[in-house]
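input31.cif follows (mmCIF, C-alpha atoms):
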data_final
loop_
_atom_site.label_atom_id
_atom_site.label_comp_id
_atom_site.auth_asym_id
_atom_site.auth_seq_id
_atom_site.Cartn_x
_atom_site.Cartn_y
_atom_site.Cartn_z
CA MET A 7 27.10 16.62 9.26
CA LEU A 8 25.78 13.99 6.91
CA VAL A 9 28.15 11.08 6.35
CA THR A 10 28.22 8.52 3.54
CA ARG A 11 29.24 4.96 4.42
CA ARG A 12 29.31 1.64 2.59
CA LEU A 13 26.31 -0.69 2.35
CA MET A 14 27.05 -4.08 3.93
CA VAL A 15 25.06 -7.22 3.10
CA TYR A 16 24.35 -9.84 5.72
CA LYS A 17 22.16 -12.97 5.51
CA ILE A 18 19.02 -13.97 3.57
CA VAL A 19 15.68 -14.32 5.38
CA VAL A 20 12.09 -14.90 4.24
CA CYS A 21 9.52 -12.13 4.67
CA ASN A 22 6.29 -13.44 6.18
CA SER A 23 4.20 -10.71 4.57
CA CYS A 24 5.37 -10.78 0.95
CA ARG A 25 6.99 -14.22 0.75
CA LEU A 26 10.00 -12.88 -1.11
CA LYS A 27 13.61 -13.39 -0.17
CA LEU A 28 14.92 -10.40 1.71
CA ARG A 29 18.45 -9.38 2.42
CA VAL A 30 19.24 -8.33 5.96
CA LEU A 31 21.19 -5.12 5.50
CA ARG A 32 23.00 -2.94 7.94
CA VAL A 33 22.66 0.63 6.76
CA TRP A 34 24.70 3.13 8.82
CA GLY A 35 23.99 1.34 12.09
CA ILE A 36 20.34 0.60 11.22
CA THR A 37 19.50 -3.08 10.72
CA THR A 38 16.73 -3.65 8.22
CA LYS A 39 15.07 -6.78 6.84
CA CYS A 40 12.96 -4.84 4.42
CA THR A 41 15.06 -4.56 1.27
CA PRO A 42 13.58 -6.92 -1.34
CA ALA A 43 16.43 -8.62 -3.10
CA GLY A 44 17.83 -11.73 -4.66
CA ARG A 45 20.90 -10.03 -6.07
CA LEU A 46 22.47 -6.72 -5.23
CA ARG A 47 24.48 -5.32 -8.11
CA LYS A 48 26.10 -2.04 -9.01
CA GLU A 49 25.04 -0.30 -12.21
CA ARG A 50 26.43 3.06 -13.29
CA GLY A 51 27.65 3.72 -9.77
CA ALA A 52 24.25 3.08 -8.15
CA TRP A 53 23.11 0.08 -6.16
CA THR A 54 20.05 -1.63 -7.69
CA LEU A 55 18.02 -4.54 -6.40
CA THR A 56 16.66 -7.55 -8.29
CA ALA A 57 13.86 -9.56 -6.67
CA GLN A 58 14.12 -13.33 -6.39
CA ARG A 59 11.43 -15.76 -5.25
CA THR A 60 11.99 -18.26 -2.46
CA SER A 61 12.02 -21.93 -3.33
CA ALA A 62 8.85 -24.04 -3.38
CA SER A 63 9.90 -25.73 -0.15
CA GLN A 64 9.95 -22.39 1.62
CA VAL A 65 6.72 -20.89 0.34
CA ASN A 66 3.18 -21.97 -0.43
CA PRO A 67 2.74 -21.13 -4.15
CA ASP A 68 -0.92 -20.26 -3.55
CA GLU A 69 0.13 -17.56 -1.10
CA ALA A 70 2.98 -16.15 -3.16
CA PRO A 71 2.31 -12.94 -5.13
CA ASP A 72 1.93 -13.29 -8.88
CA GLU A 73 4.58 -10.71 -9.58
CA PHE A 74 7.00 -8.32 -7.96
CA PRO A 75 6.56 -5.65 -6.59
CA CYS A 76 4.61 -6.11 -3.36
CA VAL A 77 3.50 -3.71 -0.62
CA LEU A 78 6.42 -2.93 1.70
CA PHE A 79 4.89 -0.08 3.67
CA GLU A 80 1.41 0.05 5.18
CA ASP A 81 0.28 1.87 8.27
CA LYS A 82 -2.60 0.89 10.53
CA PHE A 83 -4.98 3.13 8.61
CA GLY A 84 -4.22 1.52 5.23
CA ALA A 85 -1.81 4.05 3.65
CA ARG A 86 0.52 2.05 1.39
CA ALA A 87 3.71 2.21 -0.65
CA LYS A 88 4.75 -0.57 -2.99
CA ALA A 89 8.26 -1.83 -3.56
CA HIS A 90 8.58 -0.29 -7.02
CA ALA A 91 7.83 3.12 -5.47
CA LEU A 92 10.39 2.64 -2.70
CA GLN A 93 12.96 1.65 -5.32
CA SER A 94 12.74 5.25 -6.54
CA LEU A 95 14.97 6.03 -3.56
CA ALA A 96 17.81 4.45 -5.52
CA ILE A 97 20.45 6.92 -6.64
CA ASP A 98 19.65 9.25 -9.57
CA ILE A 99 15.93 8.41 -9.79
CA ASN A 100 13.10 10.89 -9.29
CA VAL A 101 11.49 10.11 -5.93
CA SER A 102 7.99 8.68 -6.26
CA GLU A 103 5.04 10.67 -4.94
CA SER A 104 3.93 7.70 -2.84
CA VAL A 105 7.34 7.68 -1.11
CA VAL A 106 6.92 11.33 -0.12
CA ASP A 107 3.40 10.44 1.09
CA ALA A 108 4.73 7.48 3.08
CA TRP A 109 7.28 9.81 4.67
CA ALA A 110 4.44 12.19 5.56
CA HIS A 111 2.58 9.34 7.29
CA VAL A 112 5.73 8.36 9.19
CA LEU A 113 6.28 11.93 10.36
CA ASN A 114 2.61 12.27 11.34
CA ASP A 115 2.54 9.13 13.48
CA ASP A 116 6.06 8.12 14.51
CA LEU A 117 6.75 9.49 17.99
CA ASN A 118 10.50 9.36 17.28
CA PHE A 119 10.01 12.52 15.21
CA SER A 120 8.00 14.35 17.89
CA LEU A 121 10.54 16.43 19.78
CA SER A 122 9.80 17.79 23.24
CA GLY A 123 8.94 21.47 23.16
CA MET A 124 8.52 21.48 19.38
CA PRO A 125 5.21 22.28 17.63
CA ILE A 126 2.73 19.58 16.67
CA ARG A 127 3.04 19.33 12.89
CA LEU A 128 0.72 17.89 10.25
CA PHE A 129 2.06 16.71 6.91
CA TYR A 130 -0.32 16.55 3.98
CA VAL A 131 -0.06 14.03 1.13
CA HIS A 132 0.83 15.36 -2.31
CA THR A 133 -2.71 14.85 -3.70
CA THR A 134 -4.03 17.59 -1.41
CA VAL A 135 -3.31 20.10 -4.19
CA VAL A 136 -3.77 18.81 -7.75
CA ASP A 137 -3.49 20.48 -11.14
CA TRP A 138 -7.15 21.24 -11.79
CA MET A 139 -7.40 23.10 -8.49
CA LEU A 140 -4.67 25.46 -9.71
CA THR A 141 -6.09 26.07 -13.19
CA LEU A 142 -9.79 26.51 -12.32
CA GLU A 143 -10.48 30.21 -12.93
CA THR A 144 -13.71 30.51 -10.93
CA ASP A 145 -15.06 28.30 -8.19
CA PRO A 146 -18.62 29.29 -7.27
CA THR A 147 -19.41 25.86 -5.82
CA GLY A 148 -16.34 25.63 -3.58
CA SER A 149 -14.99 22.53 -5.35
CA ARG A 150 -11.38 23.51 -4.63
CA VAL A 151 -11.99 23.61 -0.88
CA SER A 152 -13.93 20.33 -1.02
CA ALA A 153 -11.05 18.64 -2.85
CA PHE A 154 -8.59 20.14 -0.37
CA GLU A 155 -10.60 18.64 2.50
CA CYS A 156 -10.47 15.24 0.79
CA GLY A 157 -6.70 15.54 0.61
CA LEU A 158 -6.58 16.42 4.29
CA LYS A 159 -8.66 13.36 5.13
CA SER A 160 -6.22 11.24 3.13
CA SER A 161 -3.45 12.64 5.32
CA LEU A 162 -5.51 11.94 8.45
CA ILE A 163 -6.75 8.47 7.50
CA GLY A 164 -8.84 7.15 10.39
CA ARG A 165 -8.63 10.43 12.34
CA HIS A 166 -11.13 12.65 10.59
CA HIS A 167 -12.05 14.29 13.90
CA LEU A 168 -8.83 16.32 13.51
CA VAL A 169 -9.85 18.01 10.25
CA ASP A 170 -10.60 21.30 12.03
CA LEU A 171 -6.78 21.62 12.54
CA HIS A 172 -7.16 22.96 16.08
CA ASP A 173 -4.66 20.38 17.38
CA PHE A 174 -1.84 21.43 15.05
CA ALA A 175 0.64 24.30 15.21
CA MET A 176 2.10 23.81 11.71
CA VAL A 177 0.72 22.38 8.47
CA PHE A 178 3.01 21.24 5.62
CA VAL A 179 1.56 21.13 2.10
CA PRO A 180 3.88 19.44 -0.46
CA VAL A 181 3.57 20.65 -4.05
CA LEU A 182 4.86 18.76 -7.08
CA GLU A 183 5.27 20.65 -10.34
CA VAL A 184 7.12 18.98 -13.24
CA ASP A 185 9.26 16.73 -10.98
CA HIS A 186 10.01 19.70 -8.71
CA TYR A 187 8.96 19.30 -5.07
CA TYR A 188 8.61 22.19 -2.67
CA LEU A 189 6.63 22.96 0.49
CA VAL A 190 4.14 25.63 1.49
CA VAL A 191 4.16 25.65 5.28
CA PHE A 192 1.45 27.29 7.38
CA ASP A 193 2.54 28.16 10.91
CA LEU A 194 -0.84 28.54 12.56
CA GLU A 195 0.65 29.27 15.96
CA ASP A 196 2.94 32.11 14.81
CA GLU A 197 0.59 33.22 12.00
CA ARG A 198 3.27 32.88 9.32
CA ILE A 199 3.50 31.22 5.91
CA TYR A 200 6.75 29.88 4.45
CA LEU A 201 7.88 28.72 1.03
CA ILE A 202 10.54 26.02 1.40
CA ASP A 203 12.17 25.40 -1.97
CA HIS A 204 15.58 23.83 -2.52
CA SER A 205 16.13 25.97 -5.63
CA GLY A 206 15.75 29.26 -3.81
CA ASP A 207 15.27 32.62 -5.48
CA ARG A 208 18.80 32.65 -6.90
CA GLY A 209 18.37 29.17 -8.35
CA SER A 210 15.39 30.11 -10.54
CA GLY A 211 13.04 28.51 -8.06
CA VAL A 212 9.32 28.92 -7.49
CA LEU A 213 8.03 32.43 -8.15
CA LEU A 214 6.10 34.41 -5.57
CA ARG A 215 3.51 36.64 -7.23
CA ASP A 216 0.17 37.58 -5.73
CA SER A 217 -2.84 38.99 -7.56
CA LYS A 218 -6.47 39.82 -6.94
CA THR A 219 -7.27 37.42 -9.78
CA TYR A 220 -6.85 33.79 -8.75
CA ILE A 221 -5.57 32.52 -12.09
CA LEU A 222 -2.79 35.16 -12.14
CA LYS A 223 -1.39 34.10 -8.79
CA THR A 224 1.62 31.78 -8.68
CA THR A 225 1.07 28.36 -7.12
CA PRO A 226 2.12 29.20 -3.52
CA PHE A 227 -0.46 32.01 -3.38
CA LYS A 228 -3.11 29.74 -4.90
CA VAL A 229 -2.37 27.18 -2.19
CA LYS A 230 -2.61 29.94 0.40
CA GLU A 231 -6.01 31.07 -0.91
CA ILE A 232 -7.40 27.53 -0.86
CA PHE A 233 -6.03 26.91 2.64
CA VAL A 234 -7.44 30.17 4.01
CA GLU A 235 -10.84 29.39 2.49
CA TYR A 236 -10.72 26.01 4.19
CA LEU A 237 -9.90 27.66 7.54
CA LYS A 238 -12.93 29.92 7.11
CA VAL A 239 -15.17 26.93 6.40
CA MET A 240 -13.84 25.32 9.60
CA ASN A 241 -14.41 28.59 11.54
CA TYR A 242 -10.75 28.56 12.50
CA PRO A 243 -10.09 31.54 14.82
CA LYS A 244 -6.92 32.66 13.00
CA ALA A 245 -8.28 32.45 9.45
CA THR A 246 -8.25 36.24 8.99
CA ALA A 247 -4.72 36.54 10.39
CA MET A 248 -3.46 33.85 8.04
CA GLN A 249 -5.13 35.61 5.13
CA SER A 250 -3.13 38.74 5.95
CA SER A 251 0.16 36.86 6.26
CA VAL A 252 2.83 37.32 3.59
CA ILE A 253 4.55 34.22 2.22
CA LEU A 254 8.19 34.21 3.34
CA ARG A 255 10.81 32.46 1.25
CA GLU A 256 13.45 30.61 3.22
CA ASP A 257 16.81 31.23 1.55
CA HIS A 258 19.63 28.70 1.78
CA PRO A 259 23.33 29.24 1.07
CA TRP A 260 23.35 25.77 -0.54
CA SER A 261 20.41 26.43 -2.91
CA THR A 262 20.51 24.38 -6.09
CA ILE A 263 20.40 25.65 -9.67
CA HIS A 264 18.03 24.21 -12.25
CA ARG A 265 20.63 24.30 -15.02
CA ASN A 266 22.11 21.20 -13.41
CA ALA A 267 19.87 18.13 -13.88
CA THR A 268 20.90 16.57 -10.56
CA PRO A 269 18.96 18.94 -8.26
CA ILE A 270 15.71 18.03 -10.03
CA VAL A 271 16.40 14.30 -9.58
CA ASP A 272 17.05 14.90 -5.88
CA SER A 273 14.15 17.33 -5.47
CA GLY A 274 12.07 14.84 -3.49
CA VAL A 275 15.00 14.13 -1.19
CA PHE A 276 15.38 17.82 -0.39
CA ALA A 277 11.63 18.07 0.30
CA MET A 278 11.72 15.07 2.66
CA ARG A 279 14.64 16.62 4.53
CA HIS A 280 12.79 19.92 4.80
CA MET A 281 9.72 18.12 6.16
CA GLU A 282 11.85 16.44 8.79
CA GLN A 283 13.81 19.47 9.95
CA PHE A 284 11.76 22.64 9.53
CA MET A 285 10.27 24.02 12.76
CA GLY A 286 9.57 27.61 11.75
CA SER A 287 11.11 30.33 13.87
CA ARG A 288 11.41 28.02 16.89
CA ARG A 289 14.69 26.49 15.79
CA ASN A 290 17.52 27.49 13.48
CA PHE A 291 16.85 26.21 9.99
CA PHE A 292 19.82 23.88 9.37
CA TYR A 293 19.87 20.80 7.11
CA GLY A 294 23.56 19.99 7.03
CA PHE A 295 23.87 20.34 3.26
CA SER A 296 27.17 21.42 1.77
CA VAL A 297 27.50 24.38 -0.56
CA HIS A 298 29.70 22.21 -2.81
CA GLY A 299 27.80 20.31 -5.49
CA ALA A 300 29.64 16.97 -5.33
CA ARG A 301 29.49 16.84 -1.54
CA LYS A 302 25.82 17.80 -1.57
CA LYS A 303 25.13 15.00 -4.05
CA ASP A 304 26.80 12.49 -1.72
CA GLN A 305 24.63 13.76 1.12
CA CYS A 306 21.48 13.29 -0.96
CA ASN A 307 22.56 9.74 -1.81
CA TYR A 308 23.02 9.04 1.90
CA LEU A 309 19.59 10.46 2.69
CA ARG A 310 17.95 8.27 0.05
CA LYS A 311 19.24 5.16 1.82
CA ARG A 312 18.47 6.50 5.24
CA TYR A 313 14.88 7.42 4.35
CA ALA A 314 14.33 3.98 2.81
CA ALA A 315 15.41 2.45 6.13
CA GLU A 316 13.38 4.94 8.20
CA ILE A 317 10.17 4.27 6.24
CA LEU A 318 10.57 0.49 6.21
CA LEU A 319 11.61 0.18 9.88
CA SER A 320 9.23 2.77 11.29
CA PRO A 321 6.86 1.48 13.98
CA VAL A 322 4.15 3.02 11.81
CA ASN A 323 4.85 0.33 9.18
CA LYS A 324 3.11 -2.92 10.06
CA TYR A 325 5.66 -4.82 7.95
CA GLY A 326 8.60 -3.22 9.74
CA ASP A 327 8.95 -5.76 12.55
#
In structure tokens, write the structure found in this file.
Amino acid sequence: MLVTRRLMVYKIVVCNSCRLKLRVLRVWGITTKCTPAGRLRKERGAWTLTAQRTSASQVNPDEAPDEFPCVLFEDKFGARAKAHALQSLAIDINVSESVVDAWAHVLNDDLNFSLSGMPIRLFYVHTTVVDWMLTLETDPTGSRVSAFECGLKSSLIGRHHLVDLHDFAMVFVPVLEVDHYYLVVFDLEDERIYLIDHSGDRGSGVLLRDSKTYILKTTPFKVKEIFVEYLKVMNYPKATAMQSSVILREDHPWSTIHRNATPIVDSGVFAMRHMEQFMGSRRNFFYGFSVHGARKKDQCNYLRKRYAAEILLSPVNKYGD
């Protein structure tokens, strides 16, 4: 079960990387020095943070940044997320794309999320599939596949030798359409394809409609076609099997409904939870979400704070020490 607890503020320290005052917070048993703050105030029921510079005696003005925000997440390959993006994890704000990408990099490289006996998973960044790739009617030059490969390389910064995907059992492709996040998951080991959408079929979620004409397909089938074409280019042995696979929608008893604005605001949070938990048919698909709207909202608020701590404190983050 997900539990919501109070946020407790401890002492002020100085960050060596960004030269801003930082509050040391204890968030549900996790100690973090990575929350940029001078004041912590409550506005409309949500905690918001206001940055405050250190004094001249504490910091060399020549080294101090000209303005807030600064980079708070950066892995060894150069993938970054700035503070203003991470502040989108505050309550009732649409989660920034770069936060979802940072979470993908954490899941790709943090061994704490690699469970024994579970498949090796690869998480793409959101720019792997962009709008023009979905609206291009014909593609005689293979530009869609080339752009898809560029997105894959962005997900595998510094490890381009893995682009043939032979080392991975599952591939997660996040899709963002009008502030709505969902996942198309390719289980290469089991030869299955899943649509993971918090709205679900009953909640007026993403449609599943295939067609022989690319432009008439709905987005999940367009993503499938691009991915299969990429597998063929890479001479992946299961490309034909994946082409024959039907996209399966994972239904949830707690599916959200678009008539309520809150599920859209928390769409990125649901997607991040799905990325963390989904293992295909190898493990029961359980997220811990309540079927009751108010309780589910509290759980999303908890996850926002937890994911902020996880990203900032991850060993993948060079500023997390």
Nearest-residue call for Glu195 in chain A, choices A:Leu162, A:Met285, A:Val77, A:Leu309, using all atoms listed in the file
A:Met285
Can you work out the spacing between CA of Thr219 in chain A and CA of Pro146 in chain A in Å, to one decimal?
14.2 Å
Picked residues, the PyMOL selection byres ((chain A and resi 102) around 10), as a list of chain:residue names:
A:Ala87, A:His90, A:Ala91, A:Leu92, A:Gln93, A:Ser94, A:Leu95, A:Ile99, A:Asn100, A:Val101, A:Glu103, A:Ser104, A:Val105, A:Val106, A:Asp107, A:Ala108, A:Asp185, A:Gly274
Residues selected by the PyMOL selection byres ((chain A and resi 223) around 12), written as a PDB file with C-alpha atoms, keeping the file's coordinate frame:
ATOM      1  CA  LEU A 140      -4.670  25.460  -9.710  1.00  0.00           C
ATOM      2  CA  THR A 141      -6.090  26.070 -13.190  1.00  0.00           C
ATOM      3  CA  LEU A 142      -9.790  26.510 -12.320  1.00  0.00           C
ATOM      4  CA  GLU A 143     -10.480  30.210 -12.930  1.00  0.00           C
ATOM      5  CA  VAL A 212       9.320  28.920  -7.490  1.00  0.00           C
ATOM      6  CA  LEU A 213       8.030  32.430  -8.150  1.00  0.00           C
ATOM      7  CA  LEU A 214       6.100  34.410  -5.570  1.00  0.00           C
ATOM      8  CA  ARG A 215       3.510  36.640  -7.230  1.00  0.00           C
ATOM      9  CA  ASP A 216       0.170  37.580  -5.730  1.00  0.00           C
ATOM     10  CA  SER A 217      -2.840  38.990  -7.560  1.00  0.00           C
ATOM     11  CA  LYS A 218      -6.470  39.820  -6.940  1.00  0.00           C
ATOM     12  CA  THR A 219      -7.270  37.420  -9.780  1.00  0.00           C
ATOM     13  CA  TYR A 220      -6.850  33.790  -8.750  1.00  0.00           C
ATOM     14  CA  ILE A 221      -5.570  32.520 -12.090  1.00  0.00           C
ATOM     15  CA  LEU A 222      -2.790  35.160 -12.140  1.00  0.00           C
ATOM     16  CA  THR A 224       1.620  31.780  -8.680  1.00  0.00           C
ATOM     17  CA  THR A 225       1.070  28.360  -7.120  1.00  0.00           C
ATOM     18  CA  PRO A 226       2.120  29.200  -3.520  1.00  0.00           C
ATOM     19  CA  PHE A 227      -0.460  32.010  -3.380  1.00  0.00           C
ATOM     20  CA  LYS A 228      -3.110  29.740  -4.900  1.00  0.00           C
ATOM     21  CA  VAL A 229      -2.370  27.180  -2.190  1.00  0.00           C
ATOM     22  CA  LYS A 230      -2.610  29.940   0.400  1.00  0.00           C
ATOM     23  CA  GLU A 231      -6.010  31.070  -0.910  1.00  0.00           C
ATOM     24  CA  ILE A 232      -7.400  27.530  -0.860  1.00  0.00           C
TER      25      ILE A 232
END
Find the nearest atom pair between each residue of range 277-327 of chain A and range 111-129 of chain A for residues within 10 Å, count all atoms listed in the file, give distances in Å to one decimal, sort rows by chain and ascending number, and present the table as CSV.
residue,atom,partner,partner_atom,distance
A:Met278,CA,A:Leu113,CA,9.9
A:Met281,CA,A:Phe129,CA,7.8
A:Glu282,CA,A:Leu113,CA,7.3
A:Gln283,CA,A:Phe119,CA,9.5
A:Phe284,CA,A:Arg127,CA,9.9
A:Met285,CA,A:Pro125,CA,7.2
A:Gly286,CA,A:Pro125,CA,9.1
A:Arg288,CA,A:Met124,CA,7.6
A:Arg289,CA,A:Met124,CA,8.7
A:Glu316,CA,A:Val112,CA,8.4
A:Ile317,CA,A:Val112,CA,6.7
A:Leu318,CA,A:Val112,CA,9.7
A:Ser320,CA,A:Val112,CA,6.9
A:Pro321,CA,A:Asp116,CA,6.7
A:Val322,CA,A:Asp116,CA,6.1
A:Asn323,CA,A:Val112,CA,8.1
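Among A:Ala245, A:Val252, A:Leu78, A:Val184, the residue with the shortest atom-to-atom distance to Asp137 in chain A, counting only C-alpha atoms, is A:Val184.
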Residue members of the PyMOL selection byres ((chain A and resi 253-256) around 6) in the file shown, as a PyMOL selection string
chain A and resi 199-202+252+257
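For Tyr187 in chain A, the set of protein, DNA and RNA residues having any atom at most 6 Å away, when counting only C-alpha atoms and skipping those fewer than 4 positions along the same chain, is Val181, Leu182, Ser273 and Gly274 of chain A.
Closest approach to Ala315 in chain A from the set A:Trp109, A:Phe83, A:Phe174, A:Tyr242 is made by A:Trp109, with distances taken over only C-alpha atoms.
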Which one is closest to Val131 in chain A: A:His166, A:Lys159, A:Arg150, A:Lys302? Count all atoms listed in the file.
A:Lys159
What's the separation between CA of Arg165 in chain A and CA of Ala110 in chain A, in Å to one decimal place?
14.8 Å
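Going from CA of Val271 in chain A over to CA of Arg310 in chain A, you cover 11.5 Å.
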Nearest to His167 in chain A, restricted to all atoms listed in the file and choosing among A:Leu189, A:Met240, A:Ser205, A:Tyr308, comes out as A:Met240
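Minimum distance to Ala96 in chain A across A:His258, A:Phe295, A:Val275, A:Ala300 (counting only C-alpha atoms) occurs at A:Val275.
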Mind working out the centre and edge lengths of an axis-aligned box for range 228-245 of chain A, all listed atoms inside, 8 Å added to each side, rounded to one decimal in Å and written as AutoDock Vina command-line options?
--center_x -8.8 --center_y 29.0 --center_z 5.0 --size_x 28.8 --size_y 23.3 --size_z 35.7
